[in-house]
>>> print(open('target-v7.txt').read())   # compact mmCIF, C-alpha atoms
# COMPACT_ATOMS: atom_id res chain seq x y z
CA MET A 1 113.44 126.67 66.68
CA THR A 2 113.75 127.24 62.96
CA GLN A 3 115.97 129.89 61.44
CA GLN A 4 112.91 131.82 60.27
CA GLU A 5 111.64 132.01 63.87
CA THR A 6 115.09 133.10 65.06
CA LEU A 7 114.97 136.13 62.77
CA THR A 8 111.78 137.43 64.40
CA ASP A 9 111.88 136.13 68.00
CA GLY A 10 113.72 139.25 69.21
CA ASN A 11 116.62 137.43 70.88
CA ALA A 12 119.19 139.09 68.64
CA LEU A 13 117.75 142.49 69.57
CA LYS A 14 117.87 141.92 73.34
CA GLN A 15 121.56 142.82 73.64
CA PHE A 16 120.86 146.23 72.13
CA VAL A 17 117.79 146.73 74.34
CA VAL A 18 119.91 146.05 77.45
CA LEU A 19 122.57 148.52 76.31
CA ALA A 20 119.98 151.17 75.47
CA LYS A 21 118.46 151.11 78.98
CA SER A 22 121.46 152.94 80.44
CA SER A 23 122.45 155.01 77.41
CA LYS A 24 121.55 158.49 76.19
CA GLY A 25 122.27 160.86 73.36
CA ARG A 26 124.93 159.77 70.90
CA ALA A 27 125.33 156.45 72.70
CA ILE A 28 121.72 155.61 71.80
CA VAL A 29 122.40 156.58 68.19
CA SER A 30 125.40 154.26 68.11
CA ILE A 31 123.38 151.37 69.57
CA ILE A 32 120.62 151.85 66.99
CA GLU A 33 123.13 151.94 64.17
CA LYS A 34 124.68 148.69 65.40
CA ALA A 35 121.23 147.08 65.58
CA LEU A 36 120.49 148.18 62.03
CA ASN A 37 123.77 146.75 60.81
CA HIS A 38 123.37 143.45 62.67
CA PRO A 39 122.69 140.65 60.13
CA GLY A 40 120.28 138.83 62.47
CA VAL A 41 118.06 141.74 63.50
CA PHE A 42 114.95 142.33 61.39
CA VAL A 43 112.48 143.52 64.06
CA PHE A 44 113.05 146.73 66.00
CA GLY A 45 109.79 147.40 67.85
CA GLU A 46 111.07 146.60 71.36
CA LEU A 47 114.04 148.95 70.90
CA LEU A 48 111.95 151.74 69.36
CA ASP A 49 109.42 151.65 72.22
CA MET A 50 112.06 152.51 74.83
CA PRO A 51 111.51 156.08 76.17
CA ASN A 52 115.15 157.16 75.87
CA VAL A 53 115.20 155.96 72.25
CA GLN A 54 112.04 157.89 71.42
CA GLN A 55 113.57 161.04 72.89
CA VAL A 56 116.47 160.96 70.47
CA SER A 57 115.90 163.67 67.86
CA VAL A 58 119.03 162.93 65.83
CA ILE A 59 117.60 159.68 64.42
CA ASN A 60 114.12 158.38 64.11
CA ILE A 61 114.10 154.84 62.78
CA HIS A 62 110.34 154.62 63.05
CA LEU A 63 110.08 157.57 60.71
CA LEU A 64 112.36 155.82 58.26
CA GLN A 65 110.19 152.70 58.37
CA GLN A 66 107.11 154.81 57.72
CA LYS A 67 108.81 156.27 54.67
CA GLN A 68 109.51 152.81 53.32
CA GLN A 69 105.97 151.65 53.95
CA LYS A 70 104.43 154.71 52.33
CA GLN A 71 106.61 154.21 49.29
CA GLN A 72 105.51 150.59 49.11
CA LYS A 73 101.80 151.37 49.50
CA GLN A 74 102.02 153.87 46.66
CA GLN A 75 101.89 151.05 44.13
CA GLN A 76 98.84 149.49 45.80
CA GLN A 77 96.94 152.67 46.66
CA GLN A 78 96.98 154.93 43.65
CA GLN A 79 94.20 157.07 45.06
CA GLN A 80 96.54 158.26 47.82
CA GLN A 81 99.44 158.98 45.50
CA GLN A 82 99.39 162.72 45.99
CA GLN A 83 99.29 162.48 49.76
CA GLN A 84 102.12 159.97 49.80
CA GLN A 85 104.25 162.19 47.59
CA GLN A 86 103.84 165.01 50.09
CA GLN A 87 104.84 162.75 52.94
CA GLN A 88 107.84 161.50 51.00
CA GLN A 89 108.87 165.08 50.40
CA GLN A 90 108.64 165.74 54.11
CA GLN A 91 110.81 162.72 54.75
CA GLN A 92 113.30 163.96 52.18
CA ASN A 93 113.45 167.33 53.94
CA LYS A 94 114.38 165.55 57.16
CA LYS A 95 117.08 163.48 55.48
CA ASP A 96 119.82 165.67 56.94
CA SER A 97 118.71 164.73 60.48
CA LEU A 98 119.12 161.03 59.76
CA PRO A 99 122.44 159.17 59.95
CA GLN A 100 124.19 158.11 56.80
CA LEU A 101 123.01 154.66 55.78
CA THR A 102 125.67 151.97 55.54
CA PRO A 103 125.58 149.35 52.76
CA GLN A 104 124.32 146.81 55.32
CA MET A 105 121.44 149.10 56.29
CA ILE A 106 120.50 149.71 52.67
CA THR A 107 120.51 145.98 51.92
CA LYS A 108 118.35 145.29 54.95
CA LEU A 109 115.85 147.97 53.92
CA LYS A 110 115.61 146.43 50.47
CA GLN A 111 115.05 142.97 51.96
CA LEU A 112 112.36 144.33 54.28
CA THR A 113 110.73 145.98 51.28
CA ILE A 114 110.46 142.56 49.65
CA VAL A 115 108.95 141.22 52.89
CA PHE A 116 106.36 144.01 52.88
CA LEU A 117 105.44 143.40 49.25
CA SER A 118 105.06 139.68 49.96
CA SER A 119 102.35 140.53 52.51
CA THR A 120 100.28 142.15 49.74
CA SER A 121 100.72 139.52 47.01
CA ASN A 122 102.13 136.03 46.55
CA VAL A 123 103.32 136.88 43.05
CA ILE A 124 105.43 140.04 42.71
CA PRO A 125 106.47 141.22 39.23
CA TYR A 126 110.06 142.23 38.68
CA SER A 127 108.84 145.66 37.60
CA VAL A 128 107.22 146.30 41.00
CA LEU A 129 110.30 145.10 42.86
CA GLN A 130 112.61 147.26 40.76
CA GLU A 131 110.44 150.32 41.29
CA GLN A 132 110.03 149.88 45.05
CA ILE A 133 113.63 148.83 45.75
CA GLU A 134 115.05 151.26 43.18
CA ILE A 135 117.14 148.66 41.35
CA THR A 136 117.37 148.93 37.57
CA ASN A 137 119.60 145.89 36.98
CA VAL A 138 117.64 142.61 36.86
CA ARG A 139 120.72 140.57 37.79
CA GLU A 140 121.27 142.70 40.89
CA LEU A 141 117.61 142.25 41.84
CA GLU A 142 117.82 138.47 41.47
CA ASP A 143 121.01 138.37 43.57
CA LEU A 144 119.22 140.29 46.33
CA ILE A 145 116.27 137.88 46.21
CA ILE A 146 118.55 134.83 46.25
CA ASP A 147 120.45 136.20 49.27
CA SER A 148 117.13 136.81 51.04
CA ILE A 149 116.06 133.22 50.36
CA TYR A 150 119.37 131.83 51.66
CA GLN A 151 118.96 133.91 54.84
CA ASN A 152 115.43 132.49 55.26
CA ILE A 153 113.94 135.98 55.17
CA ILE A 154 111.61 134.74 52.45
CA LYS A 155 110.85 131.42 50.77
CA GLY A 156 109.89 131.26 47.14
CA LYS A 157 111.20 130.87 43.63
CA LEU A 158 112.19 133.08 40.75
CA ASP A 159 110.31 132.79 37.48
CA GLN A 160 112.82 134.28 35.04
CA LYS A 161 110.64 133.49 32.04
CA ASN A 162 107.62 135.42 33.31
CA LYS A 163 109.79 137.86 35.30
CA HIS A 164 108.18 137.59 38.71
CA LEU A 165 108.87 136.30 42.22
CA GLU A 166 106.55 133.65 43.70
CA ILE A 167 106.37 133.92 47.51
CA ASP A 168 105.70 130.90 49.76
CA PHE A 169 106.75 132.43 53.09
CA SER A 170 108.16 135.64 54.59
CA ILE A 171 109.21 136.64 58.09
CA GLY A 172 106.97 138.78 60.28
CA ARG A 173 107.37 142.50 60.77
CA ASP A 174 106.91 144.88 63.68
CA VAL A 175 103.20 145.43 64.29
CA GLN A 176 102.16 149.06 63.88
CA PRO A 177 99.48 150.49 66.22
CA GLU A 178 97.12 151.11 63.28
CA GLN A 179 97.35 147.42 62.37
CA LEU A 180 96.13 146.14 65.74
CA GLU A 181 92.41 146.51 64.98
CA SER A 182 92.77 144.62 61.71
CA MET A 183 94.72 141.83 63.45
CA ILE A 184 92.10 141.58 66.21
CA ASN A 185 89.31 141.30 63.62
CA CYS A 186 91.25 138.64 61.76
CA LEU A 187 91.79 136.63 64.95
CA ASN A 188 88.13 137.00 65.94
CA ASN A 189 87.04 135.68 62.54
CA TRP A 190 89.42 132.75 62.90
CA SER A 191 88.08 132.04 66.39
CA SER A 192 84.46 132.14 65.17
CA THR A 193 85.22 129.82 62.25
CA SER A 194 87.07 127.40 64.54
CA GLN A 195 84.21 127.38 67.05
CA LYS A 196 81.69 126.64 64.29
CA LEU A 197 83.87 123.78 63.08
CA LEU A 198 84.11 122.36 66.61
CA ASP A 199 80.34 122.59 67.00
CA ASP A 200 79.82 120.71 63.73
CA ILE A 201 82.26 118.00 64.82
CA SER A 202 80.51 117.69 68.21
CA GLY A 203 77.17 117.33 66.43
CA LEU A 204 78.55 114.57 64.22
CA ILE A 205 79.94 112.75 67.27
CA VAL A 206 76.55 112.92 69.04
CA HIS A 207 74.77 111.66 65.91
CA SER A 208 77.29 108.83 65.53
CA ASP A 209 76.76 107.78 69.15
CA LYS A 210 72.98 107.71 68.67
CA VAL A 211 73.28 105.60 65.53
CA HIS A 212 75.64 103.18 67.30
CA ILE A 213 73.29 102.80 70.29
CA GLN A 214 70.32 102.21 67.97
CA TYR A 215 72.28 99.59 66.04
CA ARG A 216 73.24 97.72 69.22
CA LYS A 217 69.64 97.83 70.42
CA GLU A 218 68.30 96.43 67.15
CA LYS A 219 70.99 93.74 67.12
CA GLU A 220 70.13 92.62 70.65
CA GLU A 221 66.41 92.52 69.80
CA PHE A 222 67.11 90.43 66.69
CA GLU A 223 69.28 87.95 68.62
CA SER A 224 66.65 87.67 71.33
CA LYS A 225 63.89 86.96 68.79
CA PHE A 226 66.12 84.46 67.00
CA GLU A 227 66.80 82.49 70.18
CA GLN A 228 63.13 82.53 71.07
CA ALA A 229 62.24 81.24 67.59
CA LYS A 230 64.68 78.36 68.01
CA LEU A 231 63.09 77.39 71.30
CA ASN A 232 59.58 77.55 69.84
CA THR A 233 60.43 75.36 66.83
CA LYS A 234 58.69 71.91 67.15
CA THR A 235 60.78 68.76 66.60
CA ASP A 236 59.80 66.26 63.88
CA SER A 237 57.67 63.22 64.76
CA PRO A 238 59.34 59.71 64.83
CA ALA A 239 57.62 58.71 61.58
CA GLU A 240 58.81 61.84 59.80
CA GLN A 241 62.36 61.36 61.14
CA LEU A 242 62.36 57.70 59.88
CA TYR A 243 61.22 58.87 56.46
CA TYR A 244 64.02 61.41 56.22
CA ASP A 245 66.58 58.82 57.38
CA SER A 246 65.47 56.30 54.70
CA MET A 247 65.70 58.94 52.00
CA GLU A 248 69.20 59.89 53.08
CA TYR A 249 70.24 56.18 53.13
CA SER A 250 68.89 55.61 49.61
CA ASP A 251 70.78 58.65 48.29
CA GLU A 252 73.97 57.44 49.92
CA VAL A 253 73.75 53.93 48.37
CA ARG A 254 72.97 55.35 44.95
CA MET A 255 76.05 57.61 45.05
CA LYS A 256 78.33 54.72 46.06
CA LYS A 257 77.17 52.45 43.21
CA GLY A 258 77.38 55.20 40.68
CA PRO A 259 75.13 55.68 37.65
CA LYS A 260 74.39 52.76 35.34
CA ILE A 261 75.68 53.31 31.80
CA LYS A 262 74.58 50.96 29.06
CA GLY A 263 77.07 50.35 26.27
CA LYS A 264 78.60 47.74 23.94
CA ASP A 265 81.11 45.25 25.36
CA TYR A 266 84.15 45.51 23.13
CA SER A 267 86.04 42.73 24.98
CA LYS A 268 84.04 39.99 23.20
CA ARG A 269 85.04 38.71 19.76
CA PRO A 270 82.51 39.06 17.02
>>> encode(input="target-v7.txt", output="structure tokens")
Amino acid sequence: MTQQETLTDGNALKQFVVLAKSSKGRAIVSIIEKALNHPGVFVFGELLDMPNVQQVSVINIHLLQQKQQKQQKQQQQQQQQQQQQQQQQQQQNKKDSLPQLTPQMITKLKQLTIVFLSSTSNVIPYSVLQEQIEITNVRELEDLIIDSIYQNIIKGKLDQKNKHLEIDFSIGRDVQPEQLESMINCLNNWSSTSQKLLDDISGLIVHSDKVHIQYRKEKEEFESKFEQAKLNTKTDSPAEQLYYDSMEYSDEVRMKKGPKIKGKDYSKRP
């Protein structure tokens, strides 16, 4: 298993899920905070779906993720800017009910913001990254991107001349319920395209088999006719065979003697 798969396979989260099954109240809050601070945990869906976690009113990580996503979509969906601003204000009003974010949590949120942006475009300008991550210093932004690449959260390269990030790969995120229909449609389209491709390949195989059978049939017919023609060919009469033999003998003698060349004999004295 590659390191990228390890970040999203959920194994690192399992220890927190086990602890959360028998915990309540502040103990749940502590477990969630530890999961957020863990350097190998980047998916939280299994933990958030637990009933005793959803009942915690002190912290709502899902709400925090929604805030991040709404802030990110603001750049892509300008027509919903006013609505998003209202939702962000609501999130800000609930800030007091959320735990204080540690530096590790803040860094992880920034890295996940880059992951989200990479799902919308393969080329992300520095200006968009700085706005969404709220980093004004370019050097600090590049350090964050480099750390994310070393952790295999994303794969890509920095274009410092054109001031953008080129994305080749990013880890997966928790699937939101509203995303399920889109994912199902995408998978159905892939399945239909694959089936059409398989049908085309099957048709080519059938056509190839027919051509091969026809070729073998024609070859066998040709060989049969050729053998029959050889059997039907009449042999030469004795007189004709003698004539051909004498002609071959004359040609052979002529070649042995060589051509006659007339010329002056220089060995005699004048």
>>> atom_distance(input="target-v7.txt", atom1="CA of Gln130 in chain A", atom2="CA of Ala35 in chain A")
26.3 Å
>>> residues_around(input="target-v7.txt", residues="Ile146 in chain A", least_positions_apart="3", cutoff="12 Å", atoms="all atoms listed in the file", output="list in words")
Gln111, Ile114, Arg139, Glu140, Leu141, Glu142, Asp143, Ile149, Tyr150, Gln151, Asn152, Ile153, Ile154, Lys155, Gly156, Lys157, Leu158 and Leu165 of chain A
>>> atom_distance(input="target-v7.txt", atom1="CA of Glu33 in chain A", atom2="CA of Gln100 in chain A")
9.7 Å
>>> atom_distance(input="target-v7.txt", atom1="CA of Ser22 in chain A", atom2="CA of Asn52 in chain A")
8.9 Å
>>> closest_residue(input="target-v7.txt", among="A:Phe44, A:Tyr126, A:Phe16, A:Phe226", to="Val175 in chain A", atoms="all atoms listed in the file")
A:Phe44
>>> residues_around(input="target-v7.txt", residues="Leu13 in chain A", least_positions_apart="2", cutoff="10 Å", atoms="all atoms listed in the file", output="PDB file with C-alpha atoms, in the coordinates of the input")
ATOM      1  CA  LEU A   7     114.970 136.130  62.770  1.00  0.00           C
ATOM      2  CA  THR A   8     111.780 137.430  64.400  1.00  0.00           C
ATOM      3  CA  ASP A   9     111.880 136.130  68.000  1.00  0.00           C
ATOM      4  CA  GLY A  10     113.720 139.250  69.210  1.00  0.00           C
ATOM      5  CA  ASN A  11     116.620 137.430  70.880  1.00  0.00           C
ATOM      6  CA  GLN A  15     121.560 142.820  73.640  1.00  0.00           C
ATOM      7  CA  PHE A  16     120.860 146.230  72.130  1.00  0.00           C
ATOM      8  CA  VAL A  17     117.790 146.730  74.340  1.00  0.00           C
ATOM      9  CA  VAL A  18     119.910 146.050  77.450  1.00  0.00           C
ATOM     10  CA  ALA A  35     121.230 147.080  65.580  1.00  0.00           C
ATOM     11  CA  LEU A  36     120.490 148.180  62.030  1.00  0.00           C
ATOM     12  CA  HIS A  38     123.370 143.450  62.670  1.00  0.00           C
ATOM     13  CA  GLY A  40     120.280 138.830  62.470  1.00  0.00           C
ATOM     14  CA  VAL A  41     118.060 141.740  63.500  1.00  0.00           C
ATOM     15  CA  PHE A  42     114.950 142.330  61.390  1.00  0.00           C
ATOM     16  CA  VAL A  43     112.480 143.520  64.060  1.00  0.00           C
ATOM     17  CA  PHE A  44     113.050 146.730  66.000  1.00  0.00           C
ATOM     18  CA  GLY A  45     109.790 147.400  67.850  1.00  0.00           C
ATOM     19  CA  GLU A  46     111.070 146.600  71.360  1.00  0.00           C
ATOM     20  CA  LEU A  47     114.040 148.950  70.900  1.00  0.00           C
TER      21      LEU A  47
END
>>> axis_aligned_box(input="target-v7.txt", around="range 211-229 of chain A", padding_each_side="5 Å", output="JSON")
{"center_x": 68.9, "center_y": 93.4, "center_z": 68.4, "size_x": 23.4, "size_y": 34.4, "size_z": 15.8}
>>> build_atoms(input="target-v7.txt", residues="range 10-21 of chain A", atoms="all heavy atoms", output="CSV table (one decimal), in the frame of the given file")
chain,number,residue,atom,x,y,z
A,10,GLY,N,113.2,138.1,68.4
A,10,GLY,CA,113.7,139.2,69.2
A,10,GLY,C,114.9,139.0,70.1
A,10,GLY,O,115.5,139.9,70.7
A,11,ASN,N,115.5,137.7,70.1
A,11,ASN,CA,116.6,137.4,70.9
A,11,ASN,C,117.9,138.2,70.4
A,11,ASN,O,118.7,138.7,71.3
A,11,ASN,CB,116.9,135.9,70.8
A,11,ASN,CG,115.9,135.1,71.6
A,11,ASN,OD1,115.3,135.6,72.6
A,11,ASN,ND2,115.6,133.9,71.2
A,12,ALA,N,118.0,138.3,69.1
A,12,ALA,CA,119.2,139.1,68.6
A,12,ALA,C,119.1,140.6,69.0
A,12,ALA,O,120.2,141.2,69.1
A,12,ALA,CB,119.3,138.9,67.1
A,13,LEU,N,117.9,141.1,69.2
A,13,LEU,CA,117.8,142.5,69.6
A,13,LEU,C,117.9,142.8,71.1
A,13,LEU,O,118.2,143.9,71.5
A,13,LEU,CB,116.3,143.0,69.1
A,13,LEU,CG,116.0,144.4,69.3
A,13,LEU,CD1,116.9,145.3,68.3
A,13,LEU,CD2,114.5,144.7,69.0
A,14,LYS,N,117.8,141.7,71.9
A,14,LYS,CA,117.9,141.9,73.3
A,14,LYS,C,119.2,142.6,73.8
A,14,LYS,O,119.1,143.4,74.7
A,14,LYS,CB,117.7,140.6,74.0
A,14,LYS,CG,116.2,140.1,74.0
A,14,LYS,CD,116.1,138.8,74.7
A,14,LYS,CE,114.6,138.3,74.6
A,14,LYS,NZ,114.5,137.0,75.3
A,15,GLN,N,120.3,142.2,73.2
A,15,GLN,CA,121.6,142.8,73.6
A,15,GLN,C,121.6,144.3,73.4
A,15,GLN,O,122.1,145.1,74.3
A,15,GLN,CB,122.7,142.2,72.9
A,15,GLN,CG,122.6,142.3,71.3
A,15,GLN,CD,123.7,141.6,70.6
A,15,GLN,OE1,124.9,141.8,71.0
A,15,GLN,NE2,123.4,140.8,69.6
A,16,PHE,N,120.9,144.8,72.4
A,16,PHE,CA,120.9,146.2,72.1
A,16,PHE,C,119.9,146.9,73.1
A,16,PHE,O,120.0,148.1,73.4
A,16,PHE,CB,120.5,146.5,70.7
A,16,PHE,CG,121.5,145.9,69.7
A,16,PHE,CD1,121.1,144.7,69.0
A,16,PHE,CD2,122.7,146.4,69.5
A,16,PHE,CE1,122.0,144.2,68.1
A,16,PHE,CE2,123.6,145.8,68.6
A,16,PHE,CZ,123.3,144.7,67.9
A,17,VAL,N,118.8,146.2,73.4
A,17,VAL,CA,117.8,146.7,74.3
A,17,VAL,C,118.4,146.9,75.7
A,17,VAL,O,118.2,148.0,76.4
A,17,VAL,CB,116.6,145.8,74.4
A,17,VAL,CG1,115.6,146.3,75.5
A,17,VAL,CG2,115.8,145.7,73.1
A,18,VAL,N,119.2,146.0,76.1
A,18,VAL,CA,119.9,146.0,77.4
A,18,VAL,C,120.9,147.2,77.5
A,18,VAL,O,120.9,148.0,78.4
A,18,VAL,CB,120.6,144.7,77.8
A,18,VAL,CG1,121.5,144.9,79.0
A,18,VAL,CG2,119.7,143.6,77.9
A,19,LEU,N,121.6,147.4,76.4
A,19,LEU,CA,122.6,148.5,76.3
A,19,LEU,C,121.9,149.9,76.3
A,19,LEU,O,122.3,150.8,76.9
A,19,LEU,CB,123.5,148.4,75.1
A,19,LEU,CG,124.4,147.2,75.1
A,19,LEU,CD1,125.1,147.1,73.7
A,19,LEU,CD2,125.5,147.4,76.2
A,20,ALA,N,120.7,149.9,75.6
A,20,ALA,CA,120.0,151.2,75.5
A,20,ALA,C,119.3,151.6,76.8
A,20,ALA,O,119.1,152.8,76.9
A,20,ALA,CB,118.9,151.0,74.4
A,21,LYS,N,119.1,150.7,77.7
A,21,LYS,CA,118.5,151.1,79.0
A,21,LYS,C,119.3,152.1,79.8
A,21,LYS,O,118.7,153.0,80.5
A,21,LYS,CB,118.2,149.9,79.8
A,21,LYS,CG,117.1,149.0,79.3
A,21,LYS,CD,116.9,147.8,80.2
A,21,LYS,CE,115.8,146.9,79.7
A,21,LYS,NZ,115.5,145.7,80.5
